[in-house]
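These notes are about the structure you will find just below.
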Amino acid sequence: MNAARLLAKAFPVEEHHYTERDAILYALGLGIGLDPTDPRQLRYVYEQTEGGLQVLPTLAVTLAYPGHWARDPEFGLDWQNIVHVEQGLRLHNPIPPGGTVVAQTRITQVIDKGAGKGALIYSHRSISDKATGRSLADVSVVTLARGDGGQGGTTALPAPPHPLPGRAPDATMDFQTSPQASLIYRLSADLNPLHADPAVAARAGYARPLAHGLWTFGVAGHCVIEMACAGDPRRLASLACRFSGPAYAGDTIRVESWVDGIVASFRATVPARGAAVLSHGRADIHLD
């Protein structure tokens, strides 16, 4: 791993044009619309609903994606041993139902955990509307390069995870997903065959294809909006969490939330398997 080259990398500006169809496809990929008669779901997947199409704020994580930069030989990374461990999203304005956005990605920090322990790579993507220049969102990603510890970078300690309250959750929402969800969601994002091909999943040691981590992030975001934002996506200011385990399309995902003022804490589990999938979640909420 060449930490200096990672930190100095000048990523090209990415431009991404999308339409209402892309926003609808993203929502369908999460599993929204499974009950097509539910108006709270229909507003995300049908453009002629009263008030117009609502856009899920987490759509932003799929916009102007910089590609699989970790595979670039100049970085010297063991890219096959890289794991997505944390995700963050901060919203500055509502995500439009369509348009053209531009984004700039940069590596902000490389923390070397030591030989045999890997390295944490922090990246940041700023997304803005091309036509107006208005800032829309900042997307932050932490990846663990498991095979690259002891090769450089800072030895700073990573920020502590967001603590969850010790009391019982203030609200709980069970979200039933579709067995086809990963096959739909991949059309909005990562085409990695691990999420679609049973043979590839089996070679990686899984019983069936894994759901995308960002799919689980989007499901949790939708549930947080319903529980902590009174169902209003415009009230979500930020969303961040750690990935703690795999989810599968078809799972019923339980999201538990705690609301303290403008902060909503959350976690996501799959009760049927006794599995945690997202942990240390935090959302910032606009009060009105």
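Each chain in the structure tokens gets a letter, A, B, ..., in the order shown, and its residues are numbered from 1; ligands are numbered from 1 in order too.
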
Name all residues at most 12 Å from A:Ala201 (count only C-alpha atoms; drop same-chain ones fewer than 5 positions away) and give them as a PyMOL selection string. chain A and resi 192-196+206-211+248

Do a neighbour search on stretch 61-64 of chain A at 6 Å with only C-alpha atoms, toss out local chain neighbours closer than 3 positions, and write the hits as an mmCIF file with C-alpha atoms, in the first residue's frame.
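result01.cif, written as the output of this step:
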```cif
data_model
loop_
_atom_site.group_PDB
_atom_site.id
_atom_site.type_symbol
_atom_site.label_atom_id
_atom_site.label_comp_id
_atom_site.auth_asym_id
_atom_site.auth_seq_id
_atom_site.Cartn_x
_atom_site.Cartn_y
_atom_site.Cartn_z
ATOM 1 C CA GLU A 14 -17.519 12.638 -12.200
ATOM 2 C CA GLU A 15 -20.667 13.742 -14.020
ATOM 3 C CA HIS A 16 -23.893 11.767 -13.714
ATOM 4 C CA THR A 58 -30.057 7.837 0.234
ATOM 5 C CA ALA A 103 -18.889 15.099 -7.851
ATOM 6 C CA ALA A 189 -25.243 0.597 -8.211
#
```

Identify, on the basis of only C-alpha atoms, every residue whose closest approach to stretch 253-265 of chain A does not exceed 8 Å; exclude the query and any residue fewer than 4 positions from it along the same chain; express the result as a PyMOL selection string. chain A and resi 164-165+169-177+220+223-224+227-228+269-271+280-287

Keeping only C-alpha atoms, write the selected residues to a file as an mmCIF file, in the first residue's frame.
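The file below, selection11.cif, is the result:
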```cif
data_model
loop_
_atom_site.group_PDB
_atom_site.id
_atom_site.type_symbol
_atom_site.label_atom_id
_atom_site.label_comp_id
_atom_site.auth_asym_id
_atom_site.auth_seq_id
_atom_site.Cartn_x
_atom_site.Cartn_y
_atom_site.Cartn_z
ATOM 1 C CA LEU A 164 -26.553 3.667 21.277
ATOM 2 C CA PRO A 165 -28.728 4.586 24.274
ATOM 3 C CA PRO A 169 -35.890 1.578 21.598
ATOM 4 C CA ASP A 170 -38.379 4.393 21.163
ATOM 5 C CA ALA A 171 -39.638 2.844 17.917
ATOM 6 C CA THR A 172 -39.189 -0.377 15.949
ATOM 7 C CA MET A 173 -39.994 -1.066 12.310
ATOM 8 C CA ASP A 174 -39.855 -4.429 10.528
ATOM 9 C CA PHE A 175 -39.255 -4.045 6.796
ATOM 10 C CA GLN A 176 -39.984 -7.055 4.589
ATOM 11 C CA THR A 177 -37.700 -7.154 1.566
ATOM 12 C CA ALA A 220 -32.387 1.652 7.265
ATOM 13 C CA CYS A 223 -37.135 3.205 8.198
ATOM 14 C CA VAL A 224 -35.470 6.081 10.085
ATOM 15 C CA MET A 227 -39.915 6.500 12.541
ATOM 16 C CA ALA A 228 -37.955 9.660 13.343
ATOM 17 C CA THR A 269 -30.923 -6.695 12.672
ATOM 18 C CA VAL A 270 -32.438 -9.740 11.019
ATOM 19 C CA PRO A 271 -34.355 -11.407 13.873
ATOM 20 C CA HIS A 280 -23.790 2.429 15.820
ATOM 21 C CA GLY A 281 -26.209 4.279 13.544
ATOM 22 C CA ARG A 282 -26.761 8.008 13.849
ATOM 23 C CA ALA A 283 -29.109 10.304 11.949
ATOM 24 C CA ASP A 284 -29.405 14.062 12.355
ATOM 25 C CA ILE A 285 -32.938 15.351 11.982
ATOM 26 C CA HIS A 286 -34.384 18.717 11.001
ATOM 27 C CA LEU A 287 -37.066 19.530 13.549
#
```

Given the choices A:Gln54, A:Ser182, A:Thr37, A:Thr49, which gets closest to A:Asp232 if the distance is worked out from only C-alpha atoms?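 Between A:Gln54, A:Ser182, A:Thr37, A:Thr49, the residue approaching A:Asp232 most closely is A:Gln54.
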
Please extract the residues of stretch 116-223 of chain A with a backbone DSSP assignment of strand (DSSP E or B) and present them as a PyMOL selection string. chain A and resi 119-129+135-145+154+171-176

Could those residues be written to a file, using C-alpha atoms, as a PDB file, in the first residue's frame?
```
ATOM      1  CA  ALA A 119      -5.448  -0.110   7.274  1.00  0.00           C
ATOM      2  CA  LEU A 120      -8.504   2.148   7.317  1.00  0.00           C
ATOM      3  CA  ILE A 121      -8.991   4.298   4.203  1.00  0.00           C
ATOM      4  CA  TYR A 122     -11.341   7.272   4.454  1.00  0.00           C
ATOM      5  CA  SER A 123     -12.823   8.733   1.268  1.00  0.00           C
ATOM      6  CA  HIS A 124     -15.144  11.685   0.735  1.00  0.00           C
ATOM      7  CA  ARG A 125     -17.347  12.601  -2.249  1.00  0.00           C
ATOM      8  CA  SER A 126     -18.941  16.044  -2.632  1.00  0.00           C
ATOM      9  CA  ILE A 127     -21.979  16.094  -4.923  1.00  0.00           C
ATOM     10  CA  SER A 128     -23.511  19.222  -6.414  1.00  0.00           C
ATOM     11  CA  ASP A 129     -26.108  20.137  -9.020  1.00  0.00           C
ATOM     12  CA  SER A 135     -24.352  21.562  -2.976  1.00  0.00           C
ATOM     13  CA  LEU A 136     -26.544  18.488  -2.571  1.00  0.00           C
ATOM     14  CA  ALA A 137     -24.696  15.962  -0.430  1.00  0.00           C
ATOM     15  CA  ASP A 138     -21.419  14.700   0.984  1.00  0.00           C
ATOM     16  CA  VAL A 139     -20.831  10.952   0.930  1.00  0.00           C
ATOM     17  CA  SER A 140     -18.201   9.443   3.237  1.00  0.00           C
ATOM     18  CA  VAL A 141     -16.889   5.889   3.112  1.00  0.00           C
ATOM     19  CA  VAL A 142     -14.499   3.958   5.355  1.00  0.00           C
ATOM     20  CA  THR A 143     -12.935   0.803   3.953  1.00  0.00           C
ATOM     21  CA  LEU A 144     -10.719  -1.681   5.761  1.00  0.00           C
ATOM     22  CA  ALA A 145      -7.791  -2.866   3.661  1.00  0.00           C
ATOM     23  CA  THR A 154      -0.882   7.718  10.087  1.00  0.00           C
ATOM     24  CA  ALA A 171     -39.638   2.844  17.917  1.00  0.00           C
ATOM     25  CA  THR A 172     -39.189  -0.377  15.949  1.00  0.00           C
ATOM     26  CA  MET A 173     -39.994  -1.066  12.310  1.00  0.00           C
ATOM     27  CA  ASP A 174     -39.855  -4.429  10.528  1.00  0.00           C
ATOM     28  CA  PHE A 175     -39.255  -4.045   6.796  1.00  0.00           C
ATOM     29  CA  GLN A 176     -39.984  -7.055   4.589  1.00  0.00           C
TER      30      GLN A 176
END
```

Of the candidates A:Tyr18, A:Ala3, A:Gly221, A:Arg71, which one gets nearest to A:Arg235 if we count only C-alpha atoms?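 Answer, going by the shortest atom-to-atom distance: A:Gly221.
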
Contacts of A:Lys9 at 10 Å (only C-alpha atoms; same-chain gap of 6+ positions) as a PyMOL selection string: chain A and resi 3+74-75+105-107

Write a file of the just-selected residues containing C-alpha atoms, as a compact mmCIF listing (two decimals), in the first residue's frame.
```
# COMPACT_ATOMS: atom_id res chain seq x y z
CA ALA A 3 -0.46 5.79 1.52
CA GLU A 74 -0.51 2.76 -8.34
CA PHE A 75 -1.96 2.35 -4.84
CA THR A 105 -13.82 12.38 -4.65
CA ARG A 106 -10.74 12.52 -2.47
CA ILE A 107 -8.96 10.30 0.05
```

Could you pull out the alpha helix (DSSP H) residues of stretch 22-54 of chain A, going by DSSP on the backbone, and write them as an mmCIF file with C-alpha atoms, in the first residue's frame?
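As a result, out15.cif now contains:
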```cif
data_model
loop_
_atom_site.group_PDB
_atom_site.id
_atom_site.type_symbol
_atom_site.label_atom_id
_atom_site.label_comp_id
_atom_site.auth_asym_id
_atom_site.auth_seq_id
_atom_site.Cartn_x
_atom_site.Cartn_y
_atom_site.Cartn_z
ATOM 1 C CA ASP A 22 -33.596 6.071 -11.822
ATOM 2 C CA ALA A 23 -35.077 7.405 -8.579
ATOM 3 C CA ILE A 24 -38.001 4.988 -8.911
ATOM 4 C CA LEU A 25 -35.717 2.046 -9.766
ATOM 5 C CA TYR A 26 -33.612 2.805 -6.675
ATOM 6 C CA ALA A 27 -36.683 2.743 -4.420
ATOM 7 C CA LEU A 28 -37.958 -0.477 -6.017
ATOM 8 C CA GLY A 29 -34.529 -2.017 -5.477
ATOM 9 C CA LEU A 30 -34.765 -1.356 -1.753
ATOM 10 C CA PRO A 39 -49.647 5.458 -0.411
ATOM 11 C CA ARG A 40 -46.585 5.910 1.836
ATOM 12 C CA GLN A 41 -44.669 3.541 -0.454
ATOM 13 C CA LEU A 42 -46.330 4.546 -3.719
ATOM 14 C CA ARG A 43 -45.088 8.137 -3.446
ATOM 15 C CA TYR A 44 -41.502 6.893 -4.006
ATOM 16 C CA VAL A 45 -42.282 4.672 -6.998
#
```

Report, in Å to a single decimal, how far apart atom CA of A:Ala202 and atom CA of A:Ala249 are. 15.7 Å

Find the residue from A:Pro12, A:Gly31, A:Gly76, A:Gly51 that sits nearest to A:Val219; use only C-alpha atoms when measuring.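 For A:Val219, the nearest of the given residues is A:Gly31.
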
Neighbouring residues of A:Arg234 were defined as those with any atom within 10 Å, considering only C-alpha atoms; residues of the same chain fewer than 5 positions away were excluded. Please report them as a ChimeraX atom specification. /A:54-57,91,93-95,225,229,285-286,288

Please indicate the distance in Å from atom CA of A:Gly166 to atom CA of A:Arg267, rounded to one decimal place.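 These two atoms are separated by 12.7 Å.
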
When you look at A:Gly114 with a cut-off of 10 Å (counting only C-alpha atoms), what residues show up, excluding the ones that are within fewer than 3 positions of it in the same chain? I need them as a short mmCIF file (atom, residue, chain, number, x, y, z; two decimals) with N, CA and C atoms, in the first residue's frame.
```cif
data_model
loop_
_atom_site.label_atom_id
_atom_site.label_comp_id
_atom_site.auth_asym_id
_atom_site.auth_seq_id
_atom_site.Cartn_x
_atom_site.Cartn_y
_atom_site.Cartn_z
N ILE A 111 -5.33 5.35 7.94
CA ILE A 111 -4.89 5.00 9.30
C ILE A 111 -4.36 3.57 9.27
N LYS A 117 -3.13 -6.21 10.90
CA LYS A 117 -4.38 -5.62 11.36
C LYS A 117 -5.08 -4.78 10.29
N GLY A 118 -4.39 -4.52 9.19
CA GLY A 118 -5.00 -3.78 8.10
C GLY A 118 -4.87 -2.28 8.24
N ALA A 119 -5.48 -1.57 7.30
CA ALA A 119 -5.45 -0.11 7.27
C ALA A 119 -6.85 0.40 6.94
N ASP A 148 -3.25 -4.81 4.19
CA ASP A 148 -2.31 -3.73 3.95
C ASP A 148 -1.85 -2.99 5.21
N GLY A 149 -1.93 -3.60 6.36
CA GLY A 149 -1.43 -2.96 7.57
C GLY A 149 0.09 -2.99 7.65
N GLY A 150 0.65 -2.05 8.40
CA GLY A 150 2.09 -2.01 8.59
C GLY A 150 2.87 -1.49 7.41
N GLN A 151 2.20 -0.70 6.53
CA GLN A 151 2.87 -0.24 5.32
C GLN A 151 2.83 1.27 5.14
N GLY A 152 2.45 2.01 6.17
CA GLY A 152 2.42 3.46 6.04
C GLY A 152 1.09 4.04 6.45
N GLY A 153 0.97 5.36 6.30
CA GLY A 153 -0.23 6.04 6.77
C GLY A 153 -0.02 6.54 8.19
N THR A 155 -0.86 6.83 12.32
CA THR A 155 -1.20 5.88 13.37
C THR A 155 -2.26 6.49 14.30
#
```
